[in-house]
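J.: Here it is, the structure in full.
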Amino acid sequence: MTVQGWVYNRTDKGKLVFLLLREGTGFVQCVAFKNDLPAEVFERLLRITQESSIVITGMVRADKRAPGIPGGFEIGVKDAQIIQTANEDYPMALKEHGPDFALDHRHLWMRMPSQWAVLRVRATVISAIREWLDTNGFINMDTPILTPAACEGTTTLFETPYFDEGMAYLSQSGQLYNEADIFAFGKVYSFGPTFRAEKSKTRRHLTEFWMVEPEAAFCDLDALMEIEEQFVTHIVKRVLRDRQAELKSLGRDTTRLEKIEPPFPRISYDDALQMIQQIAAETTDPEKKELLKIEWGMDFGSPHETELTARFEKPVLVYGYPTQVKAFYMEPWPGRPEVCKSVDLLAPEGYGEIIGGSERMSNHELLLQRLHEHKLPEEAFKWYLQLRQYGSVPHSGFGMGVERTVSWVCGIEHIREAIPFPRTIKRVYP
RNA sequence: UCCUCGAUAGCUCAAUAGGCAGAGCGGGCGGCUGUUAACCGCUAGGUUCCAGGUUCGAGUCCUGGUCGAGGAGCCA
């Protein structure tokens, strides 16, 4: 058989050369004995540089000693043709790099096994997302990226000149458009890039990230939570089924992922708050105590989510947040207007929020009132308000961050590794 | 925007109390028939982020700046 690929690493033993070849879908070891091939070819393999492109002809055989992803087999080389000899100054050493250097060389860094594995898992996560939605009655209905104004009215937006229409803004959510779509199609999802111009500098933030946003008509908060746990479980199971070798090479403890099964624990904001307050009271570390300080009405920050989810093995659904910390369009809790029918899905192991969702407000007059309370321009939301005048129904939806989900599934430290070319506050290269 | 930390060879890092600029990897040359980031010998490789200051002497101390990282806020 022949293998086409790139030389990831070379080890020579005099009359024997090992080449660890990247061939796109995996890493395979090729072994060349001096006596098995023409002297001139062997001499070239002995001197081949890292990352050179090559076509190898040989025989596959099983060998427990052979490394690779997956390991356990290798190719005995009979002949080889070098396509291009890579320059000898390839900058990526076969070890850890600092983040600045690694990100400056993202175009090469992605060839490394760890990055290759994460991005392969990402592709499977995306495939599983579409698979579950497509087979559960959701239809893909993408939403515009160039938008006239803030969808939720709070987050900082990237802006761009738009002909004679003034400024257009890069989408930070397709949700409002999804809400229009469900009245035509019942259950829909949008899936695309999302842009946030916030100056967030943490391992959980990107300025450009991918979000899937399912939305369903005739769906209340309870039904939404069921959808979320089925959806997340399916994604985890697909990765466990199809990407074992990649997870293993990342050193991921998959027993944690194997426990992901519905139902997920459901906790009200009120109860979660009490748990956090108790944790804060019991902690002796004064710095941690200060970080965990919280009272009713405040949103959970990252330290709160971390402490809370550390006490569960599965993702946790926290519902019923205070209205004042959530977006204007969320349905109020029956009999408790200070609380809304929102739900966040917090991933375990300290990864925190990967899904934010809610039941949407279906009453026209109340929605109009909320718009005014939030000082949003009624004219810009005219179409959105009309949805409540022509056949309004209870409906719900959520947004899931792809990179945060991939980070959790892979067990990696930083979200920037979960997207091929990350965009952060200080980086738009390469 | 705020808080904390960092910047030394291509890369990852070390350098006692302020006293000759170092190692491993990667590159080059040589050796080895089972390497797993191989190993062994030799070799080349430096504006110690920038601008000032203190000092006989600064990678090290002081001032200002640049760039980066982690965290907070905000969020997926």
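As shown in the structure tokens, the chain order sets the letters A, B, ...; within each chain, residues go from 1, and ligands are also counted from 1 in the order they appear.
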Among range 138-300 of chain A, which residues carry a DSSP assignment of alpha helix (DSSP H), reported as JSON, numbers by chain?

T.: {"A": [175, 176, 177, 178, 179, 180, 181, 182, 183, 184, 185, 221, 222, 223, 224, 225, 226, 227, 228, 229, 230, 231, 232, 233, 234, 235, 236, 237, 238, 239, 240, 241, 242, 244, 245, 246, 247, 248, 249, 254, 255, 256, 257, 258, 269, 270, 271, 272, 273, 274, 275, 276, 277, 278, 279, 280, 281, 282, 286, 287, 288, 289, 290, 291, 292]}

J.: Please return, as a list in words, all residues of chain B lying within 9 Å of chain A when only C-alpha atoms (C1' of nucleotides) are considered.

T.: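 Going by the stated atoms only, the list reads U1, G10, C11, U12, C25, G26, G27, G31, C32, U33, G34, U35, U36, A37, A38, G68, A69, G70, G71, A72, G73, C74, C75 and A76 of chain B.
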
J.: Could you tell me which of A:Thr135, A:Ser268, A:Gln175, A:Thr143 comes closest to Ser396 in chain A if we count only C-alpha atoms?

T.: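 When distances to Ser396 in chain A are compared using only C-alpha atoms, the smallest one comes from A:Gln175.
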
J.: Find the residues around Ala62 in chain A up to 8 Å (only C-alpha atoms (C1' of nucleotides) counted), leave out those fewer than 2 positions away in its own chain, and share them as JSON, numbers by chain.

T.: {"A": [60, 64, 72, 73, 74]}

J.: What would the file look like if the residues just selected were written as an mmCIF file, in the first residue's frame with N, CA, C and O atoms?

T.:
```
data_model
loop_
_atom_site.group_PDB
_atom_site.id
_atom_site.type_symbol
_atom_site.label_atom_id
_atom_site.label_comp_id
_atom_site.auth_asym_id
_atom_site.auth_seq_id
_atom_site.Cartn_x
_atom_site.Cartn_y
_atom_site.Cartn_z
ATOM 1 N N VAL A 60 1.755 -3.018 5.630
ATOM 2 C CA VAL A 60 1.262 -2.760 6.977
ATOM 3 C C VAL A 60 1.468 -3.999 7.829
ATOM 4 O O VAL A 60 1.264 -5.117 7.362
ATOM 5 N N LYS A 64 3.149 -4.116 18.553
ATOM 6 C CA LYS A 64 2.764 -3.458 19.810
ATOM 7 C C LYS A 64 3.639 -2.255 20.118
ATOM 8 O O LYS A 64 3.229 -1.336 20.802
ATOM 9 N N GLY A 72 0.012 0.839 17.518
ATOM 10 C CA GLY A 72 -0.140 -0.610 17.444
ATOM 11 C C GLY A 72 0.087 -1.220 16.075
ATOM 12 O O GLY A 72 0.142 -2.428 15.943
ATOM 13 N N PHE A 73 0.208 -0.381 15.045
ATOM 14 C CA PHE A 73 0.581 -0.931 13.733
ATOM 15 C C PHE A 73 1.547 0.029 13.058
ATOM 16 O O PHE A 73 1.671 1.183 13.445
ATOM 17 N N GLU A 74 2.251 -0.492 12.068
ATOM 18 C CA GLU A 74 3.269 0.329 11.405
ATOM 19 C C GLU A 74 3.405 -0.125 9.960
ATOM 20 O O GLU A 74 2.823 -1.133 9.542
#
```

J.: Let's see if you can do this: from backbone DSSP, list all strand (DSSP E) residues in range 175-405 of chain A, as a tab-separated table (two decimals) with C-alpha atoms, in the first residue's frame.

T.:
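Final file, result-v8.tsv:
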```tsv
chain	number	residue	atom	x	y	z
A	187	LYS	CA	-38.66	23.84	15.47
A	188	VAL	CA	-35.52	25.41	14.04
A	189	TYR	CA	-31.87	25.93	14.76
A	190	SER	CA	-29.30	28.40	13.62
A	191	PHE	CA	-25.63	27.55	13.64
A	192	GLY	CA	-22.90	30.01	12.89
A	193	PRO	CA	-20.27	32.39	14.14
A	194	THR	CA	-21.07	34.89	16.86
A	195	PHE	CA	-19.20	38.11	17.56
A	208	GLU	CA	-15.50	35.18	17.55
A	209	PHE	CA	-17.02	31.85	18.48
A	210	TRP	CA	-19.55	29.37	17.13
A	211	MET	CA	-22.97	28.99	18.64
A	212	VAL	CA	-25.85	26.66	17.91
A	213	GLU	CA	-29.26	28.06	18.81
A	214	PRO	CA	-32.26	25.74	18.74
A	215	GLU	CA	-35.71	27.29	19.19
A	216	ALA	CA	-39.07	25.52	19.44
A	217	ALA	CA	-42.72	26.58	19.35
A	266	ARG	CA	-32.11	20.56	38.25
A	267	ILE	CA	-31.65	23.27	40.83
A	268	SER	CA	-33.52	26.52	41.23
A	316	VAL	CA	-26.31	20.93	36.23
A	317	LEU	CA	-29.43	22.80	35.09
A	318	VAL	CA	-29.91	25.99	37.11
A	319	TYR	CA	-33.30	27.60	36.43
A	332	PRO	CA	-41.75	35.79	34.00
A	333	TRP	CA	-42.25	33.00	36.53
A	336	ARG	CA	-43.13	35.53	40.94
A	337	PRO	CA	-42.35	38.40	38.58
A	338	GLU	CA	-38.91	38.93	40.15
A	339	VAL	CA	-37.88	35.55	38.70
A	340	CYS	CA	-37.87	34.49	35.04
A	342	SER	CA	-34.48	30.98	32.31
A	343	VAL	CA	-32.12	28.03	32.54
A	344	ASP	CA	-28.34	27.74	32.31
A	345	LEU	CA	-26.58	24.43	31.77
A	346	LEU	CA	-23.33	24.33	33.71
A	347	ALA	CA	-20.74	21.75	32.69
A	352	GLY	CA	-19.17	26.32	33.85
A	353	GLU	CA	-21.86	27.66	31.56
A	354	ILE	CA	-22.03	26.08	28.12
A	355	ILE	CA	-25.74	26.74	27.50
A	356	GLY	CA	-27.96	29.71	28.26
A	357	GLY	CA	-31.66	29.44	27.47
A	358	SER	CA	-35.16	30.40	28.43
A	359	GLU	CA	-38.84	30.33	27.74
A	360	ARG	CA	-39.56	33.49	25.74
A	395	HIS	CA	-41.88	28.94	23.00
A	396	SER	CA	-38.35	28.36	24.22
A	397	GLY	CA	-34.81	28.10	23.01
A	398	PHE	CA	-31.18	28.14	24.00
A	399	GLY	CA	-27.70	28.90	22.74
A	400	MET	CA	-24.79	26.53	23.17
A	401	GLY	CA	-21.17	27.63	22.76
```

J.: Provide the C1' of A7 in chain B to C1' of U66 in chain B distance in Å, to one decimal place.

T.: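 Value for the C1' of A7 in chain B-C1' of U66 in chain B distance: 10.7 Å.
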
J.: What lies within 9 Å of range 16-22 of chain B using only C-alpha atoms (C1' of nucleotides), ignoring chain neighbours under 6 positions off, as number ranges by chain?

T.: B: 8, 46, 48, 55, 57-61

J.: Any chance you could export the current selection's N, CA and C atoms (P, O5', C5', C4', C3', O3' and C1' of nucleotides) as a PDB file, in the first residue's frame?

T.:
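The new file part.pdb reads:
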```
ATOM      1  P     U B   8      12.263  35.902  26.857  1.00  0.00           P
ATOM      2  O5'   U B   8      13.669  36.297  27.496  1.00  0.00           O
ATOM      3  C5'   U B   8      14.506  37.260  26.882  1.00  0.00           C
ATOM      4  C4'   U B   8      15.948  36.877  27.012  1.00  0.00           C
ATOM      5  C3'   U B   8      16.307  35.508  26.444  1.00  0.00           C
ATOM      6  O3'   U B   8      16.483  35.528  25.039  1.00  0.00           O
ATOM      7  C1'   U B   8      17.227  35.720  28.607  1.00  0.00           C
ATOM      8  P     G B  46      24.946  34.696  17.820  1.00  0.00           P
ATOM      9  O5'   G B  46      24.021  35.111  19.050  1.00  0.00           O
ATOM     10  C5'   G B  46      22.598  35.119  18.938  1.00  0.00           C
ATOM     11  C4'   G B  46      22.025  35.954  20.051  1.00  0.00           C
ATOM     12  C3'   G B  46      22.669  37.328  20.235  1.00  0.00           C
ATOM     13  O3'   G B  46      21.670  38.287  20.533  1.00  0.00           O
ATOM     14  C1'   G B  46      22.814  36.096  22.246  1.00  0.00           C
ATOM     15  P     U B  48      21.586  42.120  24.996  1.00  0.00           P
ATOM     16  O5'   U B  48      20.415  41.104  25.311  1.00  0.00           O
ATOM     17  C5'   U B  48      19.121  41.574  25.660  1.00  0.00           C
ATOM     18  C4'   U B  48      18.355  40.498  26.378  1.00  0.00           C
ATOM     19  C3'   U B  48      17.580  41.022  27.582  1.00  0.00           C
ATOM     20  O3'   U B  48      16.365  40.306  27.674  1.00  0.00           O
ATOM     21  C1'   U B  48      19.034  39.325  28.272  1.00  0.00           C
ATOM     22  P     U B  55      25.850  56.811  41.286  1.00  0.00           P
ATOM     23  O5'   U B  55      26.501  55.368  41.305  1.00  0.00           O
ATOM     24  C5'   U B  55      26.492  54.585  42.497  1.00  0.00           C
ATOM     25  C4'   U B  55      26.987  53.194  42.214  1.00  0.00           C
ATOM     26  C3'   U B  55      28.310  53.102  41.473  1.00  0.00           C
ATOM     27  O3'   U B  55      29.419  53.271  42.344  1.00  0.00           O
ATOM     28  C1'   U B  55      26.753  51.601  40.502  1.00  0.00           C
ATOM     29  P     G B  57      30.192  52.001  36.809  1.00  0.00           P
ATOM     30  O5'   G B  57      30.008  50.424  36.678  1.00  0.00           O
ATOM     31  C5'   G B  57      30.661  49.709  35.622  1.00  0.00           C
ATOM     32  C4'   G B  57      30.496  48.225  35.812  1.00  0.00           C
ATOM     33  C3'   G B  57      29.055  47.733  35.879  1.00  0.00           C
ATOM     34  O3'   G B  57      28.493  47.571  34.584  1.00  0.00           O
ATOM     35  C1'   G B  57      30.314  46.751  37.622  1.00  0.00           C
ATOM     36  P     A B  58      26.925  47.835  34.351  1.00  0.00           P
ATOM     37  O5'   A B  58      26.189  46.717  35.224  1.00  0.00           O
ATOM     38  C5'   A B  58      26.359  45.329  34.962  1.00  0.00           C
ATOM     39  C4'   A B  58      25.029  44.620  34.945  1.00  0.00           C
ATOM     40  C3'   A B  58      24.068  45.100  33.853  1.00  0.00           C
ATOM     41  O3'   A B  58      23.244  44.009  33.461  1.00  0.00           O
ATOM     42  C1'   A B  58      23.104  45.533  35.942  1.00  0.00           C
ATOM     43  P     G B  59      23.724  42.986  32.295  1.00  0.00           P
ATOM     44  O5'   G B  59      22.484  42.030  32.068  1.00  0.00           O
ATOM     45  C5'   G B  59      21.287  42.521  31.488  1.00  0.00           C
ATOM     46  C4'   G B  59      20.107  41.705  31.939  1.00  0.00           C
ATOM     47  C3'   G B  59      19.665  41.973  33.382  1.00  0.00           C
ATOM     48  O3'   G B  59      18.763  43.044  33.447  1.00  0.00           O
ATOM     49  C1'   G B  59      19.900  39.640  33.021  1.00  0.00           C
ATOM     50  P     U B  60      18.821  44.102  34.629  1.00  0.00           P
ATOM     51  O5'   U B  60      18.608  43.215  35.938  1.00  0.00           O
ATOM     52  C5'   U B  60      17.388  42.500  36.145  1.00  0.00           C
ATOM     53  C4'   U B  60      17.502  41.665  37.398  1.00  0.00           C
ATOM     54  C3'   U B  60      17.692  42.472  38.672  1.00  0.00           C
ATOM     55  O3'   U B  60      16.930  41.917  39.720  1.00  0.00           O
ATOM     56  C1'   U B  60      19.493  40.953  38.377  1.00  0.00           C
ATOM     57  P     C B  61      15.588  42.670  40.132  1.00  0.00           P
ATOM     58  O5'   C B  61      16.122  44.031  40.764  1.00  0.00           O
ATOM     59  C5'   C B  61      16.460  44.111  42.138  1.00  0.00           C
ATOM     60  C4'   C B  61      16.771  45.548  42.516  1.00  0.00           C
ATOM     61  C3'   C B  61      15.859  46.599  41.892  1.00  0.00           C
ATOM     62  O3'   C B  61      14.653  46.748  42.613  1.00  0.00           O
ATOM     63  C1'   C B  61      18.112  47.264  41.637  1.00  0.00           C
TER      64        C B  61
END
```

J.: How many Å separate CA of Ala327 in chain A from CA of Ile227 in chain A?

T.: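 Result for CA of Ala327 in chain A versus CA of Ile227 in chain A: 21.2 Å, one decimal.
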
J.: Got a sec: who's within 7 Å of Pro348 in chain A, counting only C-alpha atoms (C1' of nucleotides), leaving out chain neighbours fewer than 4 positions off, as a ChimeraX atom specification?

T.: /A:309-310,312-315,352

J.: Suppose we keep N, CA, C and O atoms; can you now write the selection as a short mmCIF file (atom, residue, chain, number, x, y, z; two decimals), in the first residue's frame?

T.:
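Below is the file that was written, result.cif:
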```
data_model
loop_
_atom_site.label_atom_id
_atom_site.label_comp_id
_atom_site.auth_asym_id
_atom_site.auth_seq_id
_atom_site.Cartn_x
_atom_site.Cartn_y
_atom_site.Cartn_z
N THR A 309 -20.60 23.50 40.50
CA THR A 309 -20.55 22.32 39.63
C THR A 309 -19.53 21.29 40.12
O THR A 309 -19.62 20.13 39.77
N ALA A 310 -18.57 21.75 40.93
CA ALA A 310 -17.58 20.81 41.46
C ALA A 310 -18.26 19.76 42.35
O ALA A 310 -17.70 18.70 42.60
N PHE A 312 -21.04 18.19 41.60
CA PHE A 312 -21.87 17.28 40.80
C PHE A 312 -21.01 16.55 39.76
O PHE A 312 -19.99 17.07 39.33
N GLU A 313 -21.45 15.34 39.42
CA GLU A 313 -20.73 14.59 38.40
C GLU A 313 -21.26 14.87 37.01
O GLU A 313 -20.55 14.75 36.03
N LYS A 314 -22.54 15.25 36.94
CA LYS A 314 -23.15 15.53 35.64
C LYS A 314 -23.29 17.04 35.47
O LYS A 314 -23.15 17.81 36.42
N PRO A 315 -23.61 17.47 34.25
CA PRO A 315 -23.95 18.88 34.07
C PRO A 315 -25.17 19.24 34.94
O PRO A 315 -26.00 18.38 35.23
N GLY A 352 -18.19 25.24 33.78
CA GLY A 352 -19.17 26.32 33.85
C GLY A 352 -20.16 26.34 32.69
O GLY A 352 -20.37 25.34 32.01
#
```

J.: Excluding same-chain residues fewer than 3 positions from Phe27 in chain A, what lies within 8 Å of it counting only C-alpha atoms (C1' of nucleotides), as a VMD selection string?

T.: chain A and resid 20 to 24 68 to 71

J.: So that I have them on file, write out the residues from the current selection with N, CA and C atoms, as a compact mmCIF listing (two decimals), in the first residue's frame.

T.:
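To be explicit, this is the file written out as out_7.txt:
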```txt
# COMPACT_ATOMS: atom_id res chain seq x y z
N LEU A 20 7.75 8.96 11.87
CA LEU A 20 6.38 9.07 12.34
C LEU A 20 5.68 10.01 11.36
N LEU A 21 4.74 9.45 10.64
CA LEU A 21 4.12 10.17 9.53
C LEU A 21 2.74 10.68 9.93
N ARG A 22 2.48 11.95 9.64
CA ARG A 22 1.12 12.48 9.75
C ARG A 22 0.47 12.28 8.40
N GLU A 23 -0.69 11.67 8.37
CA GLU A 23 -1.32 11.53 7.06
C GLU A 23 -2.72 12.15 7.04
N GLY A 24 -2.99 13.06 7.99
CA GLY A 24 -4.25 13.78 7.99
C GLY A 24 -5.26 13.17 8.93
N GLY A 68 1.74 6.01 17.59
CA GLY A 68 0.86 6.60 16.58
C GLY A 68 -0.49 6.89 17.19
N ILE A 69 -1.37 7.50 16.42
CA ILE A 69 -2.75 7.71 16.86
C ILE A 69 -3.66 7.17 15.77
N PRO A 70 -4.27 5.98 15.92
CA PRO A 70 -4.02 5.05 17.03
C PRO A 70 -2.70 4.32 16.81
N GLY A 71 -2.10 3.82 17.87
CA GLY A 71 -0.83 3.11 17.75
C GLY A 71 -1.07 1.63 17.50
```

J.: Quick one: residues within 12 Å of range 367-384 of chain A, only C-alpha atoms (C1' of nucleotides), excluding same-chain residues fewer than 2 positions away - as number ranges by chain?

T.: A: 147-154, 175-181, 183, 323-332, 360-365, 386-390, 392

J.: Could you write out that same residue set with N, CA, C and O atoms as a compact mmCIF listing (two decimals), in the first residue's frame?

T.:
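Written out: again-v3.txt:
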```txt
# COMPACT_ATOMS: atom_id res chain seq x y z
N THR A 147 -26.41 42.67 11.10
CA THR A 147 -27.69 42.99 11.72
C THR A 147 -27.81 44.50 11.97
O THR A 147 -26.80 45.20 12.06
N PRO A 148 -29.05 44.98 12.08
CA PRO A 148 -29.23 46.42 12.21
C PRO A 148 -28.90 46.96 13.60
O PRO A 148 -28.59 48.14 13.73
N ALA A 149 -28.97 46.13 14.64
CA ALA A 149 -28.75 46.66 15.99
C ALA A 149 -28.53 45.51 16.94
O ALA A 149 -28.50 44.35 16.56
N ALA A 150 -28.34 45.85 18.18
CA ALA A 150 -28.15 44.84 19.21
C ALA A 150 -29.37 43.94 19.29
O ALA A 150 -30.49 44.41 19.29
N CYS A 151 -29.14 42.63 19.36
CA CYS A 151 -30.25 41.70 19.54
C CYS A 151 -30.75 41.74 20.98
O CYS A 151 -31.93 41.67 21.25
N GLU A 152 -29.83 41.81 21.90
CA GLU A 152 -30.23 41.79 23.30
C GLU A 152 -29.97 43.14 23.97
O GLU A 152 -30.29 43.35 25.12
N GLY A 153 -29.34 44.03 23.23
CA GLY A 153 -29.23 45.40 23.71
C GLY A 153 -28.16 45.67 24.74
O GLY A 153 -28.03 46.78 25.21
N THR A 154 -27.36 44.68 25.08
CA THR A 154 -26.39 44.90 26.15
C THR A 154 -24.95 44.78 25.68
O THR A 154 -24.13 45.65 25.91
N GLN A 175 -31.03 34.60 17.96
CA GLN A 175 -32.23 34.17 18.65
C GLN A 175 -33.51 34.87 18.21
O GLN A 175 -34.54 34.23 17.99
N LEU A 176 -33.46 36.18 18.07
CA LEU A 176 -34.68 36.91 17.72
C LEU A 176 -35.21 36.46 16.35
O LEU A 176 -36.42 36.33 16.16
N TYR A 177 -34.28 36.19 15.44
CA TYR A 177 -34.69 35.69 14.12
C TYR A 177 -35.22 34.27 14.22
O TYR A 177 -36.16 33.89 13.52
N ASN A 178 -34.58 33.46 15.10
CA ASN A 178 -35.10 32.11 15.32
C ASN A 178 -36.55 32.15 15.78
O ASN A 178 -37.36 31.30 15.41
N GLU A 179 -36.86 33.14 16.61
CA GLU A 179 -38.23 33.25 17.12
C GLU A 179 -39.21 33.52 15.99
O GLU A 179 -40.33 33.05 16.00
N ALA A 180 -38.76 34.29 14.99
CA ALA A 180 -39.63 34.49 13.81
C ALA A 180 -39.78 33.17 13.06
O ALA A 180 -40.88 32.79 12.65
N ASP A 181 -38.68 32.45 12.93
CA ASP A 181 -38.66 31.22 12.12
C ASP A 181 -39.59 30.13 12.67
O ASP A 181 -40.20 29.39 11.91
N PHE A 183 -42.41 30.29 14.01
CA PHE A 183 -43.83 30.44 13.69
C PHE A 183 -44.13 29.99 12.26
O PHE A 183 -45.27 29.81 11.88
N THR A 323 -35.04 38.17 37.37
CA THR A 323 -35.37 38.86 36.12
C THR A 323 -34.37 39.98 35.82
O THR A 323 -34.01 40.22 34.67
N GLN A 324 -33.90 40.63 36.89
CA GLN A 324 -33.07 41.82 36.70
C GLN A 324 -31.71 41.52 36.07
O GLN A 324 -31.09 42.42 35.51
N VAL A 325 -31.24 40.27 36.16
CA VAL A 325 -29.92 39.97 35.58
C VAL A 325 -30.04 39.29 34.22
O VAL A 325 -29.04 38.94 33.60
N LYS A 326 -31.27 39.09 33.76
CA LYS A 326 -31.44 38.37 32.49
C LYS A 326 -32.02 39.29 31.42
O LYS A 326 -32.44 40.42 31.70
N ALA A 327 -32.07 38.79 30.19
CA ALA A 327 -32.49 39.61 29.06
C ALA A 327 -33.98 39.94 29.14
O ALA A 327 -34.75 39.26 29.83
N PHE A 328 -34.36 40.96 28.37
CA PHE A 328 -35.72 41.52 28.47
C PHE A 328 -36.81 40.58 28.00
O PHE A 328 -37.95 40.71 28.40
N TYR A 329 -36.44 39.60 27.17
CA TYR A 329 -37.48 38.80 26.48
C TYR A 329 -37.86 37.53 27.23
O TYR A 329 -38.56 36.69 26.71
N MET A 330 -37.39 37.35 28.46
CA MET A 330 -37.66 36.09 29.14
C MET A 330 -39.01 36.11 29.86
O MET A 330 -39.38 37.09 30.49
N GLU A 331 -39.71 34.99 29.78
CA GLU A 331 -41.04 34.86 30.37
C GLU A 331 -40.94 34.92 31.90
O GLU A 331 -40.12 34.23 32.50
N PRO A 332 -41.77 35.75 32.54
CA PRO A 332 -41.75 35.79 34.00
C PRO A 332 -42.27 34.48 34.61
O PRO A 332 -43.07 33.78 34.00
N ARG A 360 -39.48 32.10 26.19
CA ARG A 360 -39.56 33.49 25.74
C ARG A 360 -40.93 34.08 26.10
O ARG A 360 -41.94 33.36 26.18
N MET A 361 -40.92 35.38 26.23
CA MET A 361 -42.17 36.06 26.57
C MET A 361 -43.14 35.99 25.40
O MET A 361 -42.75 36.28 24.27
N SER A 362 -44.37 35.56 25.67
CA SER A 362 -45.31 35.40 24.55
C SER A 362 -46.40 36.47 24.52
O SER A 362 -47.11 36.59 23.52
N ASN A 363 -46.50 37.26 25.59
CA ASN A 363 -47.55 38.29 25.64
C ASN A 363 -47.07 39.62 25.07
O ASN A 363 -46.03 40.15 25.47
N HIS A 364 -47.85 40.16 24.14
CA HIS A 364 -47.44 41.37 23.42
C HIS A 364 -47.30 42.59 24.34
O HIS A 364 -46.29 43.29 24.30
N GLU A 365 -48.30 42.83 25.19
CA GLU A 365 -48.29 44.03 26.03
C GLU A 365 -47.11 44.00 27.01
O GLU A 365 -46.44 45.01 27.23
N GLN A 386 -44.52 42.01 16.48
CA GLN A 386 -45.62 41.48 15.66
C GLN A 386 -45.78 39.97 15.83
O GLN A 386 -46.87 39.44 15.68
N LEU A 387 -44.66 39.30 16.15
CA LEU A 387 -44.72 37.84 16.33
C LEU A 387 -45.71 37.48 17.44
O LEU A 387 -46.26 36.38 17.45
N ARG A 388 -45.88 38.41 18.39
CA ARG A 388 -46.80 38.18 19.52
C ARG A 388 -48.23 38.58 19.19
O ARG A 388 -49.13 38.41 20.03
N GLN A 389 -48.43 39.14 18.00
CA GLN A 389 -49.78 39.61 17.64
C GLN A 389 -50.48 38.67 16.68
O GLN A 389 -51.69 38.73 16.51
N TYR A 390 -49.69 37.79 16.03
CA TYR A 390 -50.28 36.90 15.02
C TYR A 390 -49.99 35.45 15.36
O TYR A 390 -49.09 34.83 14.80
N SER A 392 -49.35 34.05 18.68
CA SER A 392 -48.32 33.82 19.68
C SER A 392 -48.55 32.51 20.44
O SER A 392 -49.69 32.14 20.70
```
